[in-house]
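Printed here is my_file.pdb (PDB, C-alpha atoms and all ligand atoms):
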```
ATOM      1  CA  LEU A   1     -47.311  68.891  10.419  1.00  0.00           C
ATOM      2  CA  PRO A   2     -46.915  67.543  13.959  1.00  0.00           C
ATOM      3  CA  ALA A   3     -48.845  69.787  16.366  1.00  0.00           C
ATOM      4  CA  LEU A   4     -49.782  70.036  20.044  1.00  0.00           C
ATOM      5  CA  ARG A   5     -49.031  66.778  21.889  1.00  0.00           C
ATOM      6  CA  ASP A   6     -49.773  64.073  19.336  1.00  0.00           C
ATOM      7  CA  ASN A   7     -51.859  65.759  16.616  1.00  0.00           C
ATOM      8  CA  TYR A   8     -51.128  65.959  12.917  1.00  0.00           C
ATOM      9  CA  ILE A   9     -52.298  68.848  10.756  1.00  0.00           C
ATOM     10  CA  TRP A  10     -52.418  67.649   7.142  1.00  0.00           C
ATOM     11  CA  LEU A  11     -51.332  70.198   4.567  1.00  0.00           C
ATOM     12  CA  LEU A  12     -51.852  69.673   0.828  1.00  0.00           C
ATOM     13  CA  HIS A  13     -50.023  71.962  -1.564  1.00  0.00           C
ATOM     14  CA  ASP A  14     -49.146  72.410  -5.220  1.00  0.00           C
ATOM     15  CA  GLY A  15     -45.957  74.372  -4.617  1.00  0.00           C
ATOM     16  CA  LYS A  16     -47.806  77.701  -4.459  1.00  0.00           C
ATOM     17  CA  HIS A  17     -51.086  77.193  -2.619  1.00  0.00           C
ATOM     18  CA  ALA A  18     -51.945  75.050   0.369  1.00  0.00           C
ATOM     19  CA  LEU A  19     -54.994  73.853   2.242  1.00  0.00           C
ATOM     20  CA  VAL A  20     -54.937  72.496   5.766  1.00  0.00           C
ATOM     21  CA  VAL A  21     -57.104  69.964   7.557  1.00  0.00           C
ATOM     22  CA  ASP A  22     -57.860  70.360  11.279  1.00  0.00           C
ATOM     23  CA  PRO A  23     -55.402  73.102  12.282  1.00  0.00           C
ATOM     24  CA  GLY A  24     -55.549  72.740  16.072  1.00  0.00           C
ATOM     25  CA  ASP A  25     -52.650  75.189  16.308  1.00  0.00           C
ATOM     26  CA  ALA A  26     -51.858  78.044  13.894  1.00  0.00           C
ATOM     27  CA  GLU A  27     -48.148  78.227  14.686  1.00  0.00           C
ATOM     28  CA  PRO A  28     -46.823  75.176  12.793  1.00  0.00           C
ATOM     29  CA  VAL A  29     -49.047  76.063   9.807  1.00  0.00           C
ATOM     30  CA  LEU A  30     -47.887  79.691   9.620  1.00  0.00           C
ATOM     31  CA  ALA A  31     -44.253  78.618  10.002  1.00  0.00           C
ATOM     32  CA  HIS A  32     -44.548  76.018   7.231  1.00  0.00           C
ATOM     33  CA  LEU A  33     -46.351  78.414   4.868  1.00  0.00           C
ATOM     34  CA  GLN A  34     -43.688  81.043   5.386  1.00  0.00           C
ATOM     35  CA  ARG A  35     -40.756  78.662   5.068  1.00  0.00           C
ATOM     36  CA  HIS A  36     -42.060  77.253   1.769  1.00  0.00           C
ATOM     37  CA  ALA A  37     -43.572  80.495   0.400  1.00  0.00           C
ATOM     38  CA  LEU A  38     -47.047  78.974   0.229  1.00  0.00           C
ATOM     39  CA  ARG A  39     -50.354  80.853   0.253  1.00  0.00           C
ATOM     40  CA  LEU A  40     -53.204  79.366   2.284  1.00  0.00           C
ATOM     41  CA  SER A  41     -56.351  78.782   0.173  1.00  0.00           C
ATOM     42  CA  ALA A  42     -58.742  76.811   2.418  1.00  0.00           C
ATOM     43  CA  ILE A  43     -59.268  75.252   5.834  1.00  0.00           C
ATOM     44  CA  LEU A  44     -61.122  71.957   6.262  1.00  0.00           C
ATOM     45  CA  LEU A  45     -62.464  70.855   9.660  1.00  0.00           C
ATOM     46  CA  THR A  46     -63.711  67.389  10.623  1.00  0.00           C
ATOM     47  CA  HIS A  47     -65.211  68.164  14.035  1.00  0.00           C
ATOM     48  CA  HIS A  48     -65.395  70.807  16.740  1.00  0.00           C
ATOM     49  CA  HIS A  49     -62.752  69.680  19.250  1.00  0.00           C
ATOM     50  CA  ALA A  50     -60.218  72.332  20.226  1.00  0.00           C
ATOM     51  CA  ASP A  51     -57.225  70.271  19.109  1.00  0.00           C
ATOM     52  CA  HIS A  52     -58.695  70.424  15.561  1.00  0.00           C
ATOM     53  CA  VAL A  53     -60.083  73.978  15.360  1.00  0.00           C
ATOM     54  CA  GLY A  54     -57.926  75.875  17.857  1.00  0.00           C
ATOM     55  CA  GLY A  55     -55.742  77.527  15.205  1.00  0.00           C
ATOM     56  CA  VAL A  56     -58.499  78.652  12.827  1.00  0.00           C
ATOM     57  CA  ALA A  57     -59.128  82.148  14.229  1.00  0.00           C
ATOM     58  CA  ARG A  58     -55.437  83.006  14.113  1.00  0.00           C
ATOM     59  CA  LEU A  59     -55.032  81.646  10.566  1.00  0.00           C
ATOM     60  CA  LEU A  60     -57.990  83.773   9.446  1.00  0.00           C
ATOM     61  CA  GLN A  61     -56.206  86.879  10.751  1.00  0.00           C
ATOM     62  CA  HIS A  62     -53.456  86.155   8.214  1.00  0.00           C
ATOM     63  CA  TRP A  63     -55.472  84.612   5.377  1.00  0.00           C
ATOM     64  CA  GLN A  64     -59.089  85.334   4.408  1.00  0.00           C
ATOM     65  CA  VAL A  65     -60.013  81.850   3.226  1.00  0.00           C
ATOM     66  CA  PRO A  66     -63.119  79.656   3.214  1.00  0.00           C
ATOM     67  CA  VAL A  67     -63.542  77.348   6.189  1.00  0.00           C
ATOM     68  CA  TYR A  68     -65.314  74.059   5.441  1.00  0.00           C
ATOM     69  CA  GLY A  69     -66.789  72.133   8.342  1.00  0.00           C
ATOM     70  CA  PRO A  70     -69.657  70.025   9.635  1.00  0.00           C
ATOM     71  CA  ALA A  71     -73.072  71.712   9.422  1.00  0.00           C
ATOM     72  CA  ALA A  72     -74.242  69.641  12.388  1.00  0.00           C
ATOM     73  CA  GLU A  73     -71.658  71.121  14.764  1.00  0.00           C
ATOM     74  CA  ASN A  74     -71.346  74.600  16.196  1.00  0.00           C
ATOM     75  CA  ILE A  75     -68.039  76.016  14.931  1.00  0.00           C
ATOM     76  CA  ALA A  76     -68.122  79.813  14.722  1.00  0.00           C
ATOM     77  CA  GLU A  77     -65.528  80.163  11.934  1.00  0.00           C
ATOM     78  CA  VAL A  78     -67.145  77.740   9.464  1.00  0.00           C
ATOM     79  CA  SER A  79     -68.190  79.622   6.295  1.00  0.00           C
ATOM     80  CA  HIS A  80     -69.110  76.526   4.242  1.00  0.00           C
ATOM     81  CA  PRO A  81     -71.218  74.099   6.321  1.00  0.00           C
ATOM     82  CA  LEU A  82     -71.258  70.557   4.910  1.00  0.00           C
ATOM     83  CA  GLY A  83     -73.191  67.345   5.345  1.00  0.00           C
ATOM     84  CA  ASP A  84     -73.163  63.788   4.055  1.00  0.00           C
ATOM     85  CA  GLY A  85     -72.972  63.535   0.262  1.00  0.00           C
ATOM     86  CA  ASP A  86     -71.873  67.116  -0.319  1.00  0.00           C
ATOM     87  CA  ALA A  87     -69.049  67.671  -2.792  1.00  0.00           C
ATOM     88  CA  PHE A  88     -66.852  70.671  -3.416  1.00  0.00           C
ATOM     89  CA  ALA A  89     -63.684  71.601  -5.252  1.00  0.00           C
ATOM     90  CA  ILE A  90     -60.688  73.679  -4.239  1.00  0.00           C
ATOM     91  CA  ALA A  91     -59.070  75.507  -7.163  1.00  0.00           C
ATOM     92  CA  ALA A  92     -55.512  75.596  -5.819  1.00  0.00           C
ATOM     93  CA  PRO A  93     -54.265  73.123  -4.888  1.00  0.00           C
ATOM     94  CA  GLN A  94     -56.699  71.543  -7.324  1.00  0.00           C
ATOM     95  CA  VAL A  95     -58.570  68.847  -5.440  1.00  0.00           C
ATOM     96  CA  GLN A  96     -62.153  67.673  -5.152  1.00  0.00           C
ATOM     97  CA  PHE A  97     -63.687  66.370  -1.957  1.00  0.00           C
ATOM     98  CA  GLN A  98     -66.743  64.331  -1.109  1.00  0.00           C
ATOM     99  CA  VAL A  99     -68.162  64.550   2.400  1.00  0.00           C
ATOM    100  CA  LEU A 100     -68.961  61.451   4.446  1.00  0.00           C
ATOM    101  CA  ASP A 101     -70.975  61.527   7.648  1.00  0.00           C
ATOM    102  CA  VAL A 102     -68.904  59.553  10.172  1.00  0.00           C
ATOM    103  CA  ALA A 103     -70.575  60.857  13.347  1.00  0.00           C
ATOM    104  CA  ALA A 104     -69.717  58.898  16.516  1.00  0.00           C
ATOM    105  CA  HIS A 105     -66.652  60.495  18.175  1.00  0.00           C
ATOM    106  CA  THR A 106     -68.701  63.715  17.985  1.00  0.00           C
ATOM    107  CA  ALA A 107     -72.332  64.210  16.955  1.00  0.00           C
ATOM    108  CA  GLY A 108     -71.582  65.773  13.577  1.00  0.00           C
ATOM    109  CA  HIS A 109     -68.127  64.458  12.667  1.00  0.00           C
ATOM    110  CA  ILE A 110     -67.469  64.400   8.912  1.00  0.00           C
ATOM    111  CA  ALA A 111     -64.660  62.967   6.772  1.00  0.00           C
ATOM    112  CA  TYR A 112     -63.313  64.282   3.474  1.00  0.00           C
ATOM    113  CA  LEU A 113     -62.658  61.861   0.634  1.00  0.00           C
ATOM    114  CA  ALA A 114     -60.504  62.945  -2.306  1.00  0.00           C
ATOM    115  CA  SER A 115     -61.137  59.994  -4.606  1.00  0.00           C
ATOM    116  CA  ALA A 116     -59.593  61.621  -7.708  1.00  0.00           C
ATOM    117  CA  LEU A 117     -56.165  61.803  -6.069  1.00  0.00           C
ATOM    118  CA  SER A 118     -53.913  58.884  -6.851  1.00  0.00           C
ATOM    119  CA  PRO A 119     -54.034  57.131  -4.469  1.00  0.00           C
ATOM    120  CA  ALA A 120     -57.344  58.321  -3.029  1.00  0.00           C
ATOM    121  CA  ALA A 121     -57.086  60.137   0.297  1.00  0.00           C
ATOM    122  CA  LEU A 122     -59.435  60.079   3.281  1.00  0.00           C
ATOM    123  CA  PHE A 123     -59.154  62.822   5.898  1.00  0.00           C
ATOM    124  CA  CYS A 124     -61.059  61.225   8.734  1.00  0.00           C
ATOM    125  CA  GLY A 125     -60.133  63.306  11.786  1.00  0.00           C
ATOM    126  CA  ASP A 126     -60.737  61.365  14.976  1.00  0.00           C
ATOM    127  CA  SER A 127     -63.214  58.855  13.521  1.00  0.00           C
ATOM    128  CA  LEU A 128     -60.772  56.162  12.360  1.00  0.00           C
ATOM    129  CA  PHE A 129     -57.181  55.900  13.575  1.00  0.00           C
ATOM    130  CA  SER A 130     -54.550  53.374  12.662  1.00  0.00           C
ATOM    131  CA  ALA A 131     -55.351  50.175  14.593  1.00  0.00           C
ATOM    132  CA  GLY A 132     -58.179  51.879  16.412  1.00  0.00           C
ATOM    133  CA  CYS A 133     -61.001  54.364  16.339  1.00  0.00           C
ATOM    134  CA  GLY A 134     -61.926  57.590  18.057  1.00  0.00           C
ATOM    135  CA  ARG A 135     -63.592  57.286  21.405  1.00  0.00           C
ATOM    136  CA  LEU A 136     -67.337  57.780  21.693  1.00  0.00           C
ATOM    137  CA  PHE A 137     -67.853  61.220  23.182  1.00  0.00           C
ATOM    138  CA  GLU A 138     -71.203  62.155  21.661  1.00  0.00           C
ATOM    139  CA  GLY A 139     -72.393  59.360  19.374  1.00  0.00           C
ATOM    140  CA  THR A 140     -73.683  55.838  19.914  1.00  0.00           C
ATOM    141  CA  PRO A 141     -72.023  52.451  19.313  1.00  0.00           C
ATOM    142  CA  ALA A 142     -74.458  51.928  16.412  1.00  0.00           C
ATOM    143  CA  GLN A 143     -73.275  55.166  14.793  1.00  0.00           C
ATOM    144  CA  LEU A 144     -69.660  54.121  15.264  1.00  0.00           C
ATOM    145  CA  GLN A 145     -70.311  50.763  13.628  1.00  0.00           C
ATOM    146  CA  LYS A 146     -72.004  52.503  10.696  1.00  0.00           C
ATOM    147  CA  ALA A 147     -69.158  55.006  10.290  1.00  0.00           C
ATOM    148  CA  LEU A 148     -66.488  52.293  10.378  1.00  0.00           C
ATOM    149  CA  ALA A 149     -68.434  50.140   7.909  1.00  0.00           C
ATOM    150  CA  ARG A 150     -68.612  53.069   5.504  1.00  0.00           C
ATOM    151  CA  MET A 151     -64.909  53.660   5.636  1.00  0.00           C
ATOM    152  CA  ALA A 152     -64.188  49.928   5.364  1.00  0.00           C
ATOM    153  CA  ALA A 153     -66.152  49.923   2.092  1.00  0.00           C
ATOM    154  CA  LEU A 154     -63.680  52.328   0.462  1.00  0.00           C
ATOM    155  CA  PRO A 155     -60.994  50.868  -1.837  1.00  0.00           C
ATOM    156  CA  ASP A 156     -58.158  49.164   0.054  1.00  0.00           C
ATOM    157  CA  GLU A 157     -55.499  51.501  -1.362  1.00  0.00           C
ATOM    158  CA  THR A 158     -57.242  54.621   0.017  1.00  0.00           C
ATOM    159  CA  ARG A 159     -54.781  56.483   2.237  1.00  0.00           C
ATOM    160  CA  VAL A 160     -56.049  57.137   5.764  1.00  0.00           C
ATOM    161  CA  TYR A 161     -54.994  60.563   7.050  1.00  0.00           C
ATOM    162  CA  CYS A 162     -56.190  60.575  10.639  1.00  0.00           C
ATOM    163  CA  THR A 163     -55.213  63.274  13.095  1.00  0.00           C
ATOM    164  CA  HIS A 164     -53.407  61.636  16.016  1.00  0.00           C
ATOM    165  CA  GLU A 165     -50.271  59.552  16.446  1.00  0.00           C
ATOM    166  CA  TYR A 166     -52.059  56.861  18.447  1.00  0.00           C
ATOM    167  CA  THR A 167     -50.882  53.876  16.427  1.00  0.00           C
ATOM    168  CA  LEU A 168     -48.530  52.205  18.922  1.00  0.00           C
ATOM    169  CA  SER A 169     -50.918  52.479  21.880  1.00  0.00           C
ATOM    170  CA  ASN A 170     -53.770  51.236  19.682  1.00  0.00           C
ATOM    171  CA  LEU A 171     -51.621  48.284  18.624  1.00  0.00           C
ATOM    172  CA  ALA A 172     -50.946  47.427  22.284  1.00  0.00           C
ATOM    173  CA  PHE A 173     -54.696  47.298  22.869  1.00  0.00           C
ATOM    174  CA  ALA A 174     -55.194  45.326  19.646  1.00  0.00           C
ATOM    175  CA  ARG A 175     -52.686  42.748  20.917  1.00  0.00           C
ATOM    176  CA  ALA A 176     -54.761  42.270  24.070  1.00  0.00           C
ATOM    177  CA  ALA A 177     -58.071  42.184  22.201  1.00  0.00           C
ATOM    178  CA  GLU A 178     -56.900  39.877  19.397  1.00  0.00           C
ATOM    179  CA  PRO A 179     -53.800  37.903  20.480  1.00  0.00           C
ATOM    180  CA  HIS A 180     -53.203  36.119  17.161  1.00  0.00           C
ATOM    181  CA  ASN A 181     -52.889  38.443  14.189  1.00  0.00           C
ATOM    182  CA  ALA A 182     -49.647  38.142  12.235  1.00  0.00           C
ATOM    183  CA  ASP A 183     -50.469  41.205  10.091  1.00  0.00           C
ATOM    184  CA  ARG A 184     -50.794  43.257  13.253  1.00  0.00           C
ATOM    185  CA  ASP A 185     -47.514  41.936  14.694  1.00  0.00           C
ATOM    186  CA  ARG A 186     -45.573  42.741  11.502  1.00  0.00           C
ATOM    187  CA  TYR A 187     -47.156  46.179  11.364  1.00  0.00           C
ATOM    188  CA  ALA A 188     -46.283  46.852  15.033  1.00  0.00           C
ATOM    189  CA  LEU A 189     -42.598  46.175  14.333  1.00  0.00           C
ATOM    190  CA  ALA A 190     -42.651  48.549  11.362  1.00  0.00           C
ATOM    191  CA  CYS A 191     -44.406  51.254  13.404  1.00  0.00           C
ATOM    192  CA  GLU A 192     -41.947  50.904  16.300  1.00  0.00           C
ATOM    193  CA  ALA A 193     -39.079  51.451  13.846  1.00  0.00           C
ATOM    194  CA  LEU A 194     -40.806  54.514  12.358  1.00  0.00           C
ATOM    195  CA  ARG A 195     -41.399  56.084  15.760  1.00  0.00           C
ATOM    196  CA  ALA A 196     -37.829  55.306  16.884  1.00  0.00           C
ATOM    197  CA  ALA A 197     -36.666  57.223  13.795  1.00  0.00           C
ATOM    198  CA  GLY A 198     -38.970  60.129  14.649  1.00  0.00           C
ATOM    199  CA  GLU A 199     -41.253  59.408  11.662  1.00  0.00           C
ATOM    200  CA  PRO A 200     -45.070  59.373  11.657  1.00  0.00           C
ATOM    201  CA  THR A 201     -46.835  56.024  11.267  1.00  0.00           C
ATOM    202  CA  LEU A 202     -49.389  57.766   9.035  1.00  0.00           C
ATOM    203  CA  PRO A 203     -50.999  57.798   6.592  1.00  0.00           C
ATOM    204  CA  SER A 204     -52.322  54.266   6.875  1.00  0.00           C
ATOM    205  CA  THR A 205     -54.545  52.595   4.288  1.00  0.00           C
ATOM    206  CA  ILE A 206     -58.066  51.168   4.415  1.00  0.00           C
ATOM    207  CA  GLY A 207     -56.701  47.735   3.451  1.00  0.00           C
ATOM    208  CA  ARG A 208     -54.248  47.753   6.344  1.00  0.00           C
ATOM    209  CA  GLU A 209     -56.901  48.861   8.833  1.00  0.00           C
ATOM    210  CA  LYS A 210     -59.188  46.043   7.663  1.00  0.00           C
ATOM    211  CA  ALA A 211     -56.325  43.554   8.193  1.00  0.00           C
TER
HETATM  212 ZN    ZN B 301     -61.596  64.839  18.686  1.00  0.00          ZN
HETATM  213 FE    FE B 302     -58.456  65.056  18.380  1.00  0.00          FE
END
```
How would this structure read if it were set down as structure tokens?
Amino acid sequence: LPALRDNYIWLLHDGKHALVVDPGDAEPVLAHLQRHALRLSAILLTHHHADHVGGVARLLQHWQVPVYGPAAENIAEVSHPLGDGDAFAIAAPQVQFQVLDVAAHTAGHIAYLASALSPAALFCGDSLFSAGCGRLFEGTPAQLQKALARMAALPDETRVYCTHEYTLSNLAFARAAEPHNADRDRYALACEALRAAGEPTLPSTIGREKA
């Protein structure tokens, strides 16, 4: 769900129940749930920034659901604090998540890996974007390198569900930083066509981000 200026709120559903990741705004979530007759079952948060948590309080007024989020960050609505290596399952939609510590953009940023989905899905918030990474607000360059290395070690086909449509501006920077990369140039053309058609460039994949 496109939200705010350039955010995406990812919604997973089984036709009856839905979970959302990083609802920075409640409005598009409530509208989508109503339009498709879906019941909200869980909220997952990657980090504390307002454009990721801003809609949680309002969603909780409509749906009493668990809120998963980073234990190392101060988010009032989190009912299930999580850290690196934790695992949990949602009953409906049926999906299991592993938690990865990817702190750097913020001090406690986590990512959610659903490796049993086919293909596997990584909900990485503002830690990894397509053709770029989240800026360092609270962490160190060493933490960022560690977080990116962890995500790079995931299988190439893993889908990367990051939370901003930053791909084209990241690609412009990538062109300046690395002038000769044919993979990047082909990808930029494909992304320009997607955006011209009003489509998201996401999800990406780990293999593409490595390229
Ligand atoms: Zn952020
Ligand atoms: Fe953000």
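With distances taken over only C-alpha atoms, A:Ala111 is the one residue among A:Ala103, A:Ala188, A:Pro2, A:Ala111 lying closest to A:Tyr68.
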Neighbours of ligand ZN 301 (chain B) at 8 Å or closer, counting all atoms listed in the file: which residues, as a VMD selection string? chain A and resid 47 to 52 105 to 106 125 to 126 134
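Between A:Ser115 and the residues A:Ala37, A:Leu154, A:Leu202, A:Leu144, the shortest atom-to-atom distance, using all atoms listed in the file, involves A:Leu154.
With atom CA of A:Leu113 on one side and atom CA of A:Glu209 on the other, the separation reads 16.4 Å.
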Selection result for the PyMOL selection byres (((chain A and resi 168) around 9) and not hetatm) on this file, as a tab-separated table (two decimals) with C-alpha atoms, in the coordinates of the input:
```tsv
chain	number	residue	atom	x	y	z
A	130	SER	CA	-54.55	53.37	12.66
A	131	ALA	CA	-55.35	50.18	14.59
A	165	GLU	CA	-50.27	59.55	16.45
A	166	TYR	CA	-52.06	56.86	18.45
A	167	THR	CA	-50.88	53.88	16.43
A	169	SER	CA	-50.92	52.48	21.88
A	170	ASN	CA	-53.77	51.24	19.68
A	171	LEU	CA	-51.62	48.28	18.62
A	172	ALA	CA	-50.95	47.43	22.28
A	173	PHE	CA	-54.70	47.30	22.87
A	188	ALA	CA	-46.28	46.85	15.03
A	191	CYS	CA	-44.41	51.25	13.40
A	192	GLU	CA	-41.95	50.90	16.30
A	195	ARG	CA	-41.40	56.08	15.76
A	201	THR	CA	-46.84	56.02	11.27
```
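When the PyMOL selection byres (((chain A and resi 90) around 10) and not hetatm) is evaluated on the file shown here, the picked residues come out as Ala18, Leu19, Ser41, Ala42, Pro66, Phe88, Ala89, Ala91, Ala92, Pro93, Gln94, Val95, Gln96 and Phe97 of chain A.
The nearest approach to ligand FE 302 (chain B) among the residues A:Arg135, A:His164, A:Leu33, A:Ala211, with only C-alpha atoms and all ligand atoms taken into account, belongs to A:His164.
Nearest-residue note for ligand FE 302 (chain B): choosing from A:Leu38, A:Cys162, A:Ala116, A:Val78, the minimum distance belongs to A:Cys162, counting all atoms listed in the file.
Nearest to A:Leu122 of all the residues A:Gly108, A:Pro155, A:Gly55, A:Gly24 is A:Pro155, counting all atoms listed in the file.
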Generate N, CA, C and O atoms for stretch 141-152 of chain A and emit them as a PDB file, in the frame of the given file.
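Output contents, as saved in result.pdb:
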```
ATOM      1  N   PRO A 141     -72.736  53.574  19.935  1.00  0.00           N
ATOM      2  CA  PRO A 141     -72.023  52.451  19.313  1.00  0.00           C
ATOM      3  C   PRO A 141     -72.566  52.112  17.924  1.00  0.00           C
ATOM      4  O   PRO A 141     -71.803  51.770  17.021  1.00  0.00           O
ATOM      5  N   ALA A 142     -73.881  52.231  17.730  1.00  0.00           N
ATOM      6  CA  ALA A 142     -74.458  51.928  16.412  1.00  0.00           C
ATOM      7  C   ALA A 142     -73.948  52.906  15.358  1.00  0.00           C
ATOM      8  O   ALA A 142     -73.641  52.522  14.221  1.00  0.00           O
ATOM      9  N   GLN A 143     -73.823  54.175  15.732  1.00  0.00           N
ATOM     10  CA  GLN A 143     -73.275  55.166  14.793  1.00  0.00           C
ATOM     11  C   GLN A 143     -71.817  54.854  14.468  1.00  0.00           C
ATOM     12  O   GLN A 143     -71.378  55.001  13.331  1.00  0.00           O
ATOM     13  N   LEU A 144     -71.070  54.438  15.481  1.00  0.00           N
ATOM     14  CA  LEU A 144     -69.660  54.121  15.264  1.00  0.00           C
ATOM     15  C   LEU A 144     -69.523  52.947  14.299  1.00  0.00           C
ATOM     16  O   LEU A 144     -68.713  52.975  13.376  1.00  0.00           O
ATOM     17  N   GLN A 145     -70.360  51.930  14.504  1.00  0.00           N
ATOM     18  CA  GLN A 145     -70.311  50.763  13.628  1.00  0.00           C
ATOM     19  C   GLN A 145     -70.628  51.161  12.186  1.00  0.00           C
ATOM     20  O   GLN A 145     -69.974  50.728  11.243  1.00  0.00           O
ATOM     21  N   LYS A 146     -71.609  52.048  12.029  1.00  0.00           N
ATOM     22  CA  LYS A 146     -72.004  52.503  10.696  1.00  0.00           C
ATOM     23  C   LYS A 146     -70.866  53.300  10.047  1.00  0.00           C
ATOM     24  O   LYS A 146     -70.549  53.116   8.864  1.00  0.00           O
ATOM     25  N   ALA A 147     -70.250  54.179  10.826  1.00  0.00           N
ATOM     26  CA  ALA A 147     -69.158  55.006  10.290  1.00  0.00           C
ATOM     27  C   ALA A 147     -67.977  54.131   9.864  1.00  0.00           C
ATOM     28  O   ALA A 147     -67.408  54.321   8.785  1.00  0.00           O
ATOM     29  N   LEU A 148     -67.627  53.163  10.706  1.00  0.00           N
ATOM     30  CA  LEU A 148     -66.488  52.293  10.378  1.00  0.00           C
ATOM     31  C   LEU A 148     -66.802  51.430   9.169  1.00  0.00           C
ATOM     32  O   LEU A 148     -65.945  51.205   8.311  1.00  0.00           O
ATOM     33  N   ALA A 149     -68.051  50.962   9.061  1.00  0.00           N
ATOM     34  CA  ALA A 149     -68.434  50.140   7.909  1.00  0.00           C
ATOM     35  C   ALA A 149     -68.339  50.946   6.621  1.00  0.00           C
ATOM     36  O   ALA A 149     -67.917  50.447   5.575  1.00  0.00           O
ATOM     37  N   ARG A 150     -68.703  52.204   6.689  1.00  0.00           N
ATOM     38  CA  ARG A 150     -68.612  53.069   5.504  1.00  0.00           C
ATOM     39  C   ARG A 150     -67.192  53.239   5.053  1.00  0.00           C
ATOM     40  O   ARG A 150     -66.880  53.210   3.869  1.00  0.00           O
ATOM     41  N   MET A 151     -66.310  53.460   6.006  1.00  0.00           N
ATOM     42  CA  MET A 151     -64.909  53.660   5.636  1.00  0.00           C
ATOM     43  C   MET A 151     -64.283  52.340   5.170  1.00  0.00           C
ATOM     44  O   MET A 151     -63.472  52.331   4.245  1.00  0.00           O
ATOM     45  N   ALA A 152     -64.709  51.239   5.775  1.00  0.00           N
ATOM     46  CA  ALA A 152     -64.188  49.928   5.364  1.00  0.00           C
ATOM     47  C   ALA A 152     -64.600  49.591   3.937  1.00  0.00           C
ATOM     48  O   ALA A 152     -63.946  48.782   3.268  1.00  0.00           O
TER      49      ALA A 152
END
```
